[in-house]
file coords.csv (CSV, C-alpha atoms)
chain,number,residue,atom,x,y,z
C,1,MET,CA,144.6,37.1,34.5
C,2,TYR,CA,143.9,36.5,30.8
C,3,SER,CA,143.7,40.2,30.1
C,4,MET,CA,147.0,40.8,31.8
C,5,LEU,CA,148.6,38.0,29.8
C,6,VAL,CA,147.3,39.5,26.6
C,7,VAL,CA,148.7,42.9,27.5
C,8,MET,CA,152.0,41.4,28.4
C,9,THR,CA,152.1,39.5,25.1
C,10,ILE,CA,151.4,42.7,23.2
C,11,LEU,CA,154.0,44.6,25.0
C,12,TRP,CA,156.6,41.8,24.5
C,13,SER,CA,155.7,41.7,20.8
C,14,ALA,CA,156.1,45.4,20.5
C,15,CYS,CA,159.5,45.3,22.2
C,16,ALA,CA,160.6,42.4,20.0
C,17,SER,CA,159.5,44.3,16.9
C,18,LYS,CA,161.3,47.4,18.0
C,19,LYS,CA,164.4,45.4,18.8
C,20,GLN,CA,164.3,43.8,15.3
C,21,LEU,CA,163.9,47.3,13.7
C,22,VAL,CA,166.9,48.6,15.7
C,23,SER,CA,168.9,45.5,14.7
C,24,LYS,CA,168.1,46.1,11.0
C,25,LYS,CA,168.9,49.7,11.3
C,26,GLU,CA,172.2,48.9,13.0
C,27,ASP,CA,172.9,46.3,10.3
C,28,LYS,CA,172.3,48.8,7.5
C,29,HIS,CA,174.7,51.3,9.1
C,30,GLU,CA,177.3,48.6,9.6
C,31,VAL,CA,177.1,47.8,5.9
C,32,LEU,CA,177.5,51.5,5.0
C,33,GLU,CA,180.4,51.9,7.4
C,34,VAL,CA,182.4,49.0,5.8
C,35,LEU,CA,181.7,50.3,2.3
C,36,ARG,CA,182.9,53.8,3.3
C,37,ARG,CA,186.0,52.3,5.0
C,38,THR,CA,187.1,50.2,2.1
C,39,ASN,CA,186.4,52.9,-0.4
C,40,ASN,CA,188.3,55.6,1.6
C,41,TYR,CA,191.3,53.2,1.8
C,42,PHE,CA,191.4,53.1,-2.0
C,43,MET,CA,190.7,56.8,-2.6
C,44,ASN,CA,193.4,57.8,-0.2
C,45,LYS,CA,195.9,55.4,-1.8
C,46,TRP,CA,195.1,56.5,-5.3
C,47,PRO,CA,194.4,60.3,-5.2
C,48,ASP,CA,195.7,60.9,-8.7
C,49,THR,CA,193.0,59.5,-11.0
C,50,LYS,CA,195.2,59.8,-14.1
C,51,LYS,CA,198.2,58.0,-12.7
C,52,PRO,CA,198.9,54.7,-14.5
C,53,ILE,CA,198.5,51.6,-12.4
C,54,TYR,CA,201.8,49.9,-11.7
C,55,THR,CA,202.5,47.0,-9.4
C,56,THR,CA,204.2,44.1,-11.0
C,57,ARG,CA,203.3,45.5,-14.4
C,58,TRP,CA,202.0,48.7,-16.0
C,59,ARG,CA,198.5,49.6,-17.1
C,60,PRO,CA,196.7,52.8,-17.9
C,61,SER,CA,194.1,53.8,-15.4
C,62,ASN,CA,191.1,53.7,-17.7
C,63,ILE,CA,191.3,50.0,-18.4
C,64,TRP,CA,188.8,47.5,-17.1
C,65,THR,CA,190.3,47.0,-13.6
C,66,ARG,CA,189.8,50.7,-12.7
C,67,GLY,CA,186.5,50.8,-14.7
C,68,VAL,CA,185.0,48.1,-12.5
C,69,TYR,CA,186.0,50.0,-9.4
C,70,TYR,CA,184.1,53.0,-10.7
C,71,GLU,CA,181.0,50.8,-11.4
C,72,GLY,CA,181.1,50.1,-7.6
C,73,LEU,CA,181.8,53.7,-6.7
C,74,MET,CA,178.8,55.0,-8.7
C,75,ALA,CA,176.6,52.3,-7.0
C,76,LEU,CA,177.9,53.6,-3.6
C,77,TYR,CA,177.1,57.2,-4.7
C,78,LYS,CA,173.5,56.2,-5.3
C,79,VAL,CA,173.0,55.1,-1.7
C,80,ASP,CA,175.6,57.4,-0.1
C,81,PRO,CA,175.6,60.6,-2.2
C,82,ASP,CA,178.9,62.0,-1.0
C,83,LYS,CA,180.2,64.6,-3.5
C,84,ARG,CA,183.7,63.3,-3.1
C,85,TYR,CA,182.7,60.2,-5.0
C,86,TYR,CA,181.1,62.1,-7.8
C,87,ASP,CA,184.1,64.5,-8.1
C,88,TYR,CA,186.6,61.5,-8.0
C,89,ALA,CA,184.7,59.9,-10.9
C,90,VAL,CA,184.4,63.1,-12.9
C,91,ASP,CA,188.1,63.8,-12.4
C,92,TRP,CA,188.9,60.3,-13.7
C,93,GLY,CA,186.8,60.9,-16.8
C,94,ASN,CA,188.3,64.3,-17.4
C,95,ASN,CA,191.9,63.1,-16.9
C,96,HIS,CA,191.3,60.5,-19.7
C,97,ALA,CA,189.4,63.0,-21.9
C,98,TRP,CA,186.5,60.6,-21.6
C,99,GLY,CA,188.3,58.3,-24.0
C,100,LEU,CA,189.0,54.5,-24.3
C,101,ARG,CA,192.4,53.0,-24.0
C,102,ASN,CA,192.7,52.1,-27.7
C,103,GLY,CA,190.5,54.7,-29.3
C,104,THR,CA,187.0,54.6,-30.7
C,105,GLU,CA,187.6,51.6,-33.0
C,106,THR,CA,188.6,49.2,-30.3
C,107,ARG,CA,186.7,45.9,-30.1
C,108,ASN,CA,188.0,45.0,-26.7
C,109,GLY,CA,185.5,44.9,-23.9
C,110,ASP,CA,188.4,45.7,-21.5
C,111,ASP,CA,188.7,49.0,-23.2
C,112,GLN,CA,185.0,49.7,-23.3
C,113,ASN,CA,184.2,49.1,-19.7
C,114,CYS,CA,185.0,52.7,-18.7
C,115,GLY,CA,182.0,53.7,-20.8
C,116,GLN,CA,179.7,52.3,-18.1
C,117,THR,CA,180.8,55.1,-15.7
C,118,TYR,CA,181.0,57.7,-18.5
C,119,LEU,CA,177.3,57.0,-19.3
C,120,ASP,CA,176.3,57.2,-15.6
C,121,LEU,CA,178.0,60.5,-15.2
C,122,TYR,CA,176.5,61.8,-18.5
C,123,GLU,CA,173.0,61.0,-17.1
C,124,ILE,CA,173.8,63.1,-14.0
C,125,ASP,CA,175.2,66.0,-16.0
C,126,PRO,CA,174.8,65.6,-19.8
C,127,GLN,CA,178.0,67.1,-21.0
C,128,PRO,CA,178.5,65.9,-24.7
C,129,GLU,CA,182.1,64.9,-24.2
C,130,ARG,CA,181.2,62.3,-21.6
C,131,ILE,CA,179.2,60.3,-24.1
C,132,ALA,CA,180.9,61.0,-27.4
C,133,ASP,CA,183.7,58.4,-27.6
C,134,ILE,CA,181.9,55.5,-26.1
C,135,LYS,CA,178.8,56.0,-28.3
C,136,LYS,CA,181.0,56.4,-31.4
C,137,ASN,CA,182.8,53.1,-30.5
C,138,ILE,CA,179.6,51.1,-30.0
C,139,ASP,CA,178.1,52.5,-33.2
C,140,PHE,CA,181.3,51.5,-34.9
C,141,ILE,CA,180.9,47.9,-33.6
C,142,ILE,CA,177.3,47.7,-34.7
C,143,ALA,CA,178.1,49.1,-38.2
C,144,SER,CA,180.8,46.4,-38.6
C,145,GLY,CA,178.3,43.5,-38.4
C,146,GLN,CA,180.8,41.4,-36.5
C,147,VAL,CA,179.3,39.7,-33.4
C,148,ASP,CA,182.2,37.5,-32.1
C,149,ASP,CA,184.0,40.0,-29.9
C,150,TRP,CA,183.1,38.5,-26.5
C,151,THR,CA,185.3,35.4,-26.7
C,152,TRP,CA,185.8,35.3,-22.9
C,153,ILE,CA,183.0,35.6,-20.4
C,154,ASP,CA,184.6,38.5,-18.5
C,155,ALA,CA,183.8,40.7,-21.6
C,156,ILE,CA,180.1,40.1,-21.2
C,157,GLN,CA,180.2,42.2,-18.0
C,158,MET,CA,182.7,44.7,-19.4
C,159,ALA,CA,180.7,45.7,-22.4
C,160,MET,CA,177.2,44.3,-22.4
C,161,PRO,CA,175.6,46.9,-20.0
C,162,ILE,CA,176.8,49.7,-22.3
C,163,TYR,CA,174.6,48.5,-25.1
C,164,ALA,CA,171.6,48.3,-22.7
C,165,LYS,CA,172.3,51.8,-21.4
C,166,LEU,CA,172.6,53.3,-24.9
C,167,GLY,CA,169.4,51.5,-26.0
C,168,VAL,CA,167.5,53.0,-23.1
C,169,MET,CA,169.0,56.5,-23.4
C,170,TYR,CA,168.3,56.7,-27.1
C,171,ASP,CA,165.2,54.6,-27.2
C,172,ASP,CA,166.8,52.6,-30.0
C,173,GLU,CA,166.3,48.9,-30.4
C,174,GLN,CA,169.4,48.5,-32.5
C,175,TYR,CA,171.5,48.5,-29.3
C,176,PHE,CA,169.3,45.8,-27.7
C,177,ASP,CA,169.3,43.7,-30.9
C,178,TYR,CA,173.1,43.8,-31.4
C,179,MET,CA,173.7,43.1,-27.7
C,180,TYR,CA,171.6,40.0,-28.0
C,181,LYS,CA,173.5,38.8,-31.1
C,182,MET,CA,176.8,39.2,-29.3
C,183,TYR,CA,175.6,37.5,-26.2
C,184,VAL,CA,174.2,34.5,-28.1
C,185,HIS,CA,177.5,34.1,-29.9
C,186,SER,CA,179.3,33.8,-26.5
C,187,ARG,CA,176.7,31.6,-25.0
C,188,ASP,CA,175.9,29.2,-27.9
C,189,VAL,CA,178.6,29.5,-30.6
C,190,GLU,CA,182.0,30.5,-29.2
C,191,GLY,CA,184.0,27.3,-28.6
C,192,GLY,CA,180.8,25.3,-29.1
C,193,GLY,CA,179.1,27.5,-26.5
C,194,LEU,CA,180.6,28.8,-23.3
C,195,TYR,CA,177.5,28.1,-21.2
C,196,ASN,CA,176.9,24.6,-19.8
C,197,ARG,CA,173.1,24.2,-19.3
C,198,GLU,CA,173.6,21.0,-17.4
C,199,ASP,CA,175.8,22.4,-14.6
C,200,LYS,CA,174.3,25.9,-15.1
C,201,LEU,CA,177.7,27.5,-15.1
C,202,TRP,CA,180.0,29.2,-17.7
C,203,TRP,CA,183.4,28.1,-19.0
C,204,ARG,CA,185.7,31.1,-19.1
C,205,ASP,CA,186.7,30.7,-22.7
C,206,LYS,CA,187.0,28.0,-25.4
C,207,ASP,CA,190.3,26.8,-23.9
C,208,PHE,CA,188.3,25.5,-20.9
C,209,VAL,CA,185.5,23.8,-22.7
C,210,PRO,CA,185.8,19.9,-22.4
C,211,PRO,CA,187.9,17.9,-22.9
C,212,TYR,CA,189.7,20.3,-20.6
C,213,LYS,CA,189.3,19.1,-17.0
C,214,GLU,CA,190.3,20.2,-13.5
C,215,PRO,CA,192.7,17.9,-11.5
C,216,ASN,CA,189.7,16.1,-9.9
C,217,GLY,CA,188.2,15.4,-13.3
C,218,GLU,CA,185.5,18.0,-13.1
C,219,ASP,CA,184.8,20.8,-15.6
C,220,CYS,CA,186.7,24.0,-14.9
C,221,TYR,CA,184.4,26.8,-13.8
C,222,TRP,CA,186.3,29.9,-12.6
C,223,SER,CA,184.3,31.8,-9.9
C,224,ARG,CA,185.2,35.3,-10.9
C,225,GLY,CA,184.4,34.6,-14.5
C,226,ASN,CA,181.0,33.3,-13.6
C,227,GLY,CA,180.7,36.3,-11.3
C,228,TRP,CA,181.2,38.6,-14.2
C,229,VAL,CA,178.3,37.0,-16.0
C,230,VAL,CA,176.2,37.4,-12.9
C,231,ALA,CA,177.0,41.1,-12.8
C,232,ALA,CA,176.3,41.5,-16.5
C,233,PHE,CA,172.8,40.1,-16.0
C,234,VAL,CA,172.1,42.3,-13.0
C,235,ARG,CA,173.2,45.5,-14.8
C,236,VAL,CA,171.4,44.7,-18.0
C,237,LEU,CA,168.2,43.5,-16.5
C,238,ASP,CA,168.2,46.6,-14.2
C,239,LEU,CA,168.0,48.7,-17.4
C,240,LEU,CA,165.9,46.8,-19.9
C,241,PRO,CA,162.2,47.7,-20.3
C,242,GLU,CA,159.9,45.0,-19.0
C,243,ASN,CA,158.6,44.4,-22.5
C,244,GLN,CA,161.9,44.2,-24.3
C,245,GLN,CA,162.0,41.2,-26.6
C,246,HIS,CA,164.9,39.3,-25.0
C,247,ARG,CA,164.5,40.3,-21.4
C,248,ALA,CA,162.7,37.1,-20.4
C,249,GLU,CA,165.5,35.0,-21.9
C,250,TYR,CA,168.2,36.9,-20.0
C,251,LEU,CA,166.1,36.6,-16.8
C,252,GLN,CA,165.9,32.8,-17.2
C,253,ASP,CA,169.6,32.5,-17.9
C,254,PHE,CA,170.2,34.6,-14.8
C,255,LYS,CA,168.0,32.4,-12.6
C,256,ASP,CA,169.6,29.3,-13.9
C,257,LEU,CA,173.1,30.6,-13.3
C,258,MET,CA,172.2,31.6,-9.8
C,259,GLU,CA,171.1,28.0,-9.1
C,260,GLY,CA,174.5,26.7,-10.4
C,261,VAL,CA,176.3,29.3,-8.2
C,262,LEU,CA,174.2,28.5,-5.0
C,263,ALA,CA,175.1,24.8,-5.3
C,264,THR,CA,178.9,25.5,-5.1
C,265,GLN,CA,179.1,27.7,-2.1
C,266,ARG,CA,181.6,26.8,0.6
C,267,GLU,CA,180.5,26.1,4.2
C,268,ASP,CA,182.2,29.3,5.4
C,269,GLY,CA,180.2,31.4,3.0
C,270,PHE,CA,182.9,32.1,0.4
C,271,TRP,CA,183.4,30.5,-3.0
C,272,ASN,CA,186.6,28.8,-4.1
C,273,VAL,CA,188.4,30.1,-7.3
C,274,SER,CA,187.5,26.7,-8.8
C,275,MET,CA,183.8,26.1,-8.4
C,276,HIS,CA,183.9,22.3,-9.0
C,277,ASP,CA,187.4,21.5,-7.7
C,278,PRO,CA,188.1,22.8,-4.2
C,279,THR,CA,191.5,21.1,-4.2
C,280,ASN,CA,192.8,23.2,-7.1
C,281,PHE,CA,194.1,26.3,-5.4
C,282,GLY,CA,191.2,26.0,-2.9
C,283,GLY,CA,190.4,28.6,-0.3
C,284,ARG,CA,188.5,31.8,0.3
C,285,GLU,CA,188.3,34.2,-2.6
C,286,THR,CA,186.6,37.7,-2.4
C,287,SER,CA,186.0,38.9,-5.9
C,288,GLY,CA,183.9,36.0,-7.1
C,289,THR,CA,182.1,35.8,-3.7
C,290,ALA,CA,181.3,39.5,-3.9
C,291,LEU,CA,179.8,39.2,-7.4
C,292,PHE,CA,177.6,36.3,-6.3
C,293,VAL,CA,176.4,38.3,-3.3
C,294,TYR,CA,175.7,41.2,-5.8
C,295,GLY,CA,173.5,38.9,-7.9
C,296,MET,CA,171.7,37.3,-5.0
C,297,ALA,CA,170.9,40.5,-3.2
C,298,TRP,CA,169.8,42.2,-6.3
C,299,GLY,CA,167.6,39.3,-7.3
C,300,ILE,CA,166.0,39.3,-3.9
C,301,ASN,CA,165.5,43.0,-4.0
C,302,GLN,CA,163.7,42.7,-7.3
C,303,GLY,CA,161.6,39.8,-6.3
C,304,LEU,CA,163.2,37.6,-8.9
C,305,LEU,CA,165.0,35.1,-6.6
C,306,ASP,CA,163.3,33.3,-3.7
C,307,GLU,CA,164.3,35.0,-0.5
C,308,GLU,CA,164.0,31.9,1.6
C,309,THR,CA,166.4,30.1,-0.7
C,310,TYR,CA,169.0,32.7,-1.4
C,311,ARG,CA,169.0,35.1,1.5
C,312,PRO,CA,170.8,32.7,4.0
C,313,ALA,CA,173.6,32.1,1.4
C,314,MET,CA,173.8,35.7,0.6
C,315,GLU,CA,174.0,36.8,4.3
C,316,LYS,CA,176.6,34.1,5.1
C,317,ALA,CA,178.8,35.2,2.2
C,318,TRP,CA,178.5,38.9,3.0
C,319,LYS,CA,179.3,38.4,6.7
C,320,ALA,CA,182.2,36.1,5.8
C,321,MET,CA,183.7,38.8,3.6
C,322,VAL,CA,183.2,41.5,6.2
C,323,ASN,CA,184.6,39.5,9.1
C,324,GLU,CA,187.4,37.6,7.3
C,325,ALA,CA,188.5,39.6,4.3
C,326,VAL,CA,188.2,43.3,5.3
C,327,HIS,CA,191.2,44.6,7.2
C,328,PRO,CA,190.8,47.4,9.8
C,329,SER,CA,192.5,49.8,7.3
C,330,GLY,CA,189.9,49.0,4.6
C,331,PHE,CA,192.2,46.8,2.5
C,332,LEU,CA,190.5,43.7,1.1
C,333,GLY,CA,192.2,40.3,1.6
C,334,TYR,CA,191.6,37.0,-0.1
C,335,LEU,CA,191.5,38.7,-3.5
C,336,GLN,CA,192.8,36.8,-6.5
C,337,GLY,CA,194.9,38.8,-8.8
C,338,THR,CA,194.1,39.2,-12.5
C,339,GLY,CA,194.0,36.1,-14.7
C,340,LYS,CA,191.6,33.6,-16.1
C,341,GLU,CA,191.7,30.4,-14.1
C,342,PRO,CA,192.4,29.1,-10.5
C,343,LYS,CA,196.2,29.0,-10.8
C,344,ASP,CA,196.4,32.7,-11.7
C,345,GLY,CA,197.0,35.5,-9.3
C,346,GLN,CA,198.1,33.2,-6.5
C,347,PRO,CA,198.8,33.0,-3.6
C,348,VAL,CA,195.4,34.3,-2.3
C,349,SER,CA,195.5,34.9,1.4
C,350,TYR,CA,194.3,37.4,4.0
C,351,ALA,CA,197.5,39.5,3.6
C,352,SER,CA,198.3,38.9,0.0
C,353,VAL,CA,198.3,42.0,-2.2
C,354,PRO,CA,196.9,41.3,-5.8
C,355,ASP,CA,198.5,42.9,-8.8
C,356,PHE,CA,195.6,45.3,-9.0
C,357,GLU,CA,193.3,46.2,-6.1
C,358,ASP,CA,190.7,48.2,-7.8
C,359,TYR,CA,188.4,45.7,-9.5
C,360,GLY,CA,188.0,43.7,-6.3
C,361,LEU,CA,186.9,46.7,-4.4
C,362,GLY,CA,184.5,47.5,-7.2
C,363,CYS,CA,182.9,44.0,-6.9
C,364,PHE,CA,182.7,44.5,-3.1
C,365,LEU,CA,181.0,47.9,-3.4
C,366,LEU,CA,178.5,46.5,-5.9
C,367,ALA,CA,177.7,43.7,-3.5
C,368,GLY,CA,177.5,45.9,-0.4
C,369,THR,CA,175.2,48.5,-2.0
C,370,GLU,CA,172.6,45.8,-2.9
C,371,VAL,CA,172.9,44.4,0.6
C,372,TYR,CA,172.3,47.9,2.0
C,373,ARG,CA,169.2,48.3,-0.2
C,374,LEU,CA,167.8,45.0,1.0
C,375,LEU,CA,168.1,46.2,4.6
C,376,ASP,CA,166.8,49.6,3.7
C,377,ASN,CA,163.8,48.2,2.0
C,378,GLN,CA,162.9,46.4,5.2
C,379,LYS,CA,163.2,49.3,7.6
call {"tool": "encode", "arguments": {"input": "coords.csv", "output": "structure tokens"}}
result
Amino acid sequence: MYSMLVVMTILWSACASKKQLVSKKEDKHEVLEVLRRTNNYFMNKWPDTKKPIYTTRWRPSNIWTRGVYYEGLMALYKVDPDKRYYDYAVDWGNNHAWGLRNGTETRNGDDQNCGQTYLDLYEIDPQPERIADIKKNIDFIIASGQVDDWTWIDAIQMAMPIYAKLGVMYDDEQYFDYMYKMYVHSRDVEGGGLYNREDKLWWRDKDFVPPYKEPNGEDCYWSRGNGWVVAAFVRVLDLLPENQQHRAEYLQDFKDLMEGVLATQREDGFWNVSMHDPTNFGGRETSGTALFVYGMAWGINQGLLDEETYRPAMEKAWKAMVNEAVHPSGFLGYLQGTGKEPKDGQPVSYASVPDFEDYGLGCFLLAGTEVYRLLDNQK
């Protein structure tokens, strides 16, 4: 009787384990399906990679909004190497002559963001024109000695990973050193310092540093702005050598920020546009939520964030976006338009169309590829 019970227990455990593996496999494929669907929606809508972006206003298609999309596309390409993705990105670079919106002496991170994809594509196929302008621009910044360019926290994500990438590609510490000086200016000097170590969150720019307050009397922490800083940490830490002088400091700042983020998640899995005032244009918002999922999933994958603490929040947020924000067509809902604070880009709803769709999809693709890797690592 005992032997039969043991055998039955073993068989039951084997079946349960197999069921778990099948479930994980299905989950992984479901993640890839939604990434393909949302990306196909966008590629079909914007087949001309040179065409300027126009909705309520005009922008060239090599500015930051489109650049963030291509960050996400290149992340997708790494887990789903469809040649269409690579060709679409190369076509974008070629159509802009691998240039920056305002030339090689621009100091604007919004202009420089395209360089992240240019450098990724250069690593795949080292054509000199792919790297020439972005390297010339960053070398110009370093030669100037000016370190106060990143006056708004979005710029940290737009530009900081480029310095890290060039430092690795050229094995040159000057890129790492200058990146650190610019980062410290934003964190500790700009507006008295844009990072609040007490709340472990970032003010968007000096205009939001106290005495500025939200309607409920709390400090104003904009979710997508904090999401940009999360993404910057992920992309920089993913590149920096383990023994790089400032890596440990970036890592601690990342971990602290993720604590501040975790504490402000909504019950439904999303984050509000205002992280400390849910009454100020409250409601689901996809871009900030996606960037926080990106940071959590990457941190778990790298063994840097405690899985028991962060995985439930990450899974709840990912499932909420997939179930509530993604349309059957692949269009993303609950996406706040461009701006810098809760009131901008409103209204935000399931059906509302933001002024630019590209950056939100980029954030979603970054998040989804890390979720996919997490599931893939556990196959």
call {"tool": "residues_around", "arguments": {"input": "coords.csv", "residues": "Arg101 in chain C", "least_positions_apart": "2", "cutoff": "7 Å", "atoms": "only C-alpha atoms", "output": "list in words"}}
result
Asn62, Ile63, Gly99, Gly103 and Asp111 of chain C
call {"tool": "residues_near_point", "arguments": {"input": "coords.csv", "point": "(185.1, 24.2, -12.0)", "cutoff": "10 Å", "atoms": "all atoms listed in the file", "output": "PyMOL selection string"}}
result
chain C and resi 199+201-204+208+213-223+264+272-278+280+341-342
call {"tool": "residues_around", "arguments": {"input": "coords.csv", "residues": "Pro312 in chain C", "least_positions_apart": "3", "cutoff": "12 Å", "atoms": "only C-alpha atoms", "output": "list in words"}}
result
Leu262, Gln265, Glu267, Asp268, Gly269, Val293, Met296, Ala297, Ile300, Asp306, Glu307, Glu308, Thr309, Glu315, Lys316, Ala317, Trp318 and Lys319 of chain C
call {"tool": "residues_around", "arguments": {"input": "coords.csv", "residues": "range 149-162 of chain C", "least_positions_apart": "6", "cutoff": "8 Å", "atoms": "all atoms listed in the file", "output": "PyMOL selection string"}}
result
chain C and resi 64+107-110+112-113+115-116+119+179+182-183+185-186+190+194+202-206+225-226+228-229+231-233+235-236
call {"tool": "closest_residue", "arguments": {"input": "coords.csv", "among": "C:Glu123, C:Asp80, C:Asp148, C:Val168", "to": "Val189 in chain C", "atoms": "all atoms listed in the file"}}
result
C:Asp148
call {"tool": "atom_distance", "arguments": {"input": "coords.csv", "atom1": "CA of Pro126 in chain C", "atom2": "CA of Val79 in chain C"}}
result
21.0 Å
call {"tool": "residues_near_point", "arguments": {"input": "coords.csv", "point": "(183.2, 35.0, -1.5)", "cutoff": "6 Å", "atoms": "all atoms listed in the file", "output": "PyMOL selection string"}}
result
chain C and resi 270-271+285-286+288-290+317
call {"tool": "write_last_selection", "arguments": {"input": "coords.csv", "atoms": "C-alpha atoms", "output": "short mmCIF file (atom, residue, chain, number, x, y, z; two decimals), keeping the file's coordinate frame"}}
result
data_model
loop_
_atom_site.label_atom_id
_atom_site.label_comp_id
_atom_site.auth_asym_id
_atom_site.auth_seq_id
_atom_site.Cartn_x
_atom_site.Cartn_y
_atom_site.Cartn_z
CA PHE C 270 182.90 32.10 0.40
CA TRP C 271 183.40 30.50 -3.00
CA GLU C 285 188.30 34.20 -2.60
CA THR C 286 186.60 37.70 -2.40
CA GLY C 288 183.90 36.00 -7.10
CA THR C 289 182.10 35.80 -3.70
CA ALA C 290 181.30 39.50 -3.90
CA ALA C 317 178.80 35.20 2.20
#
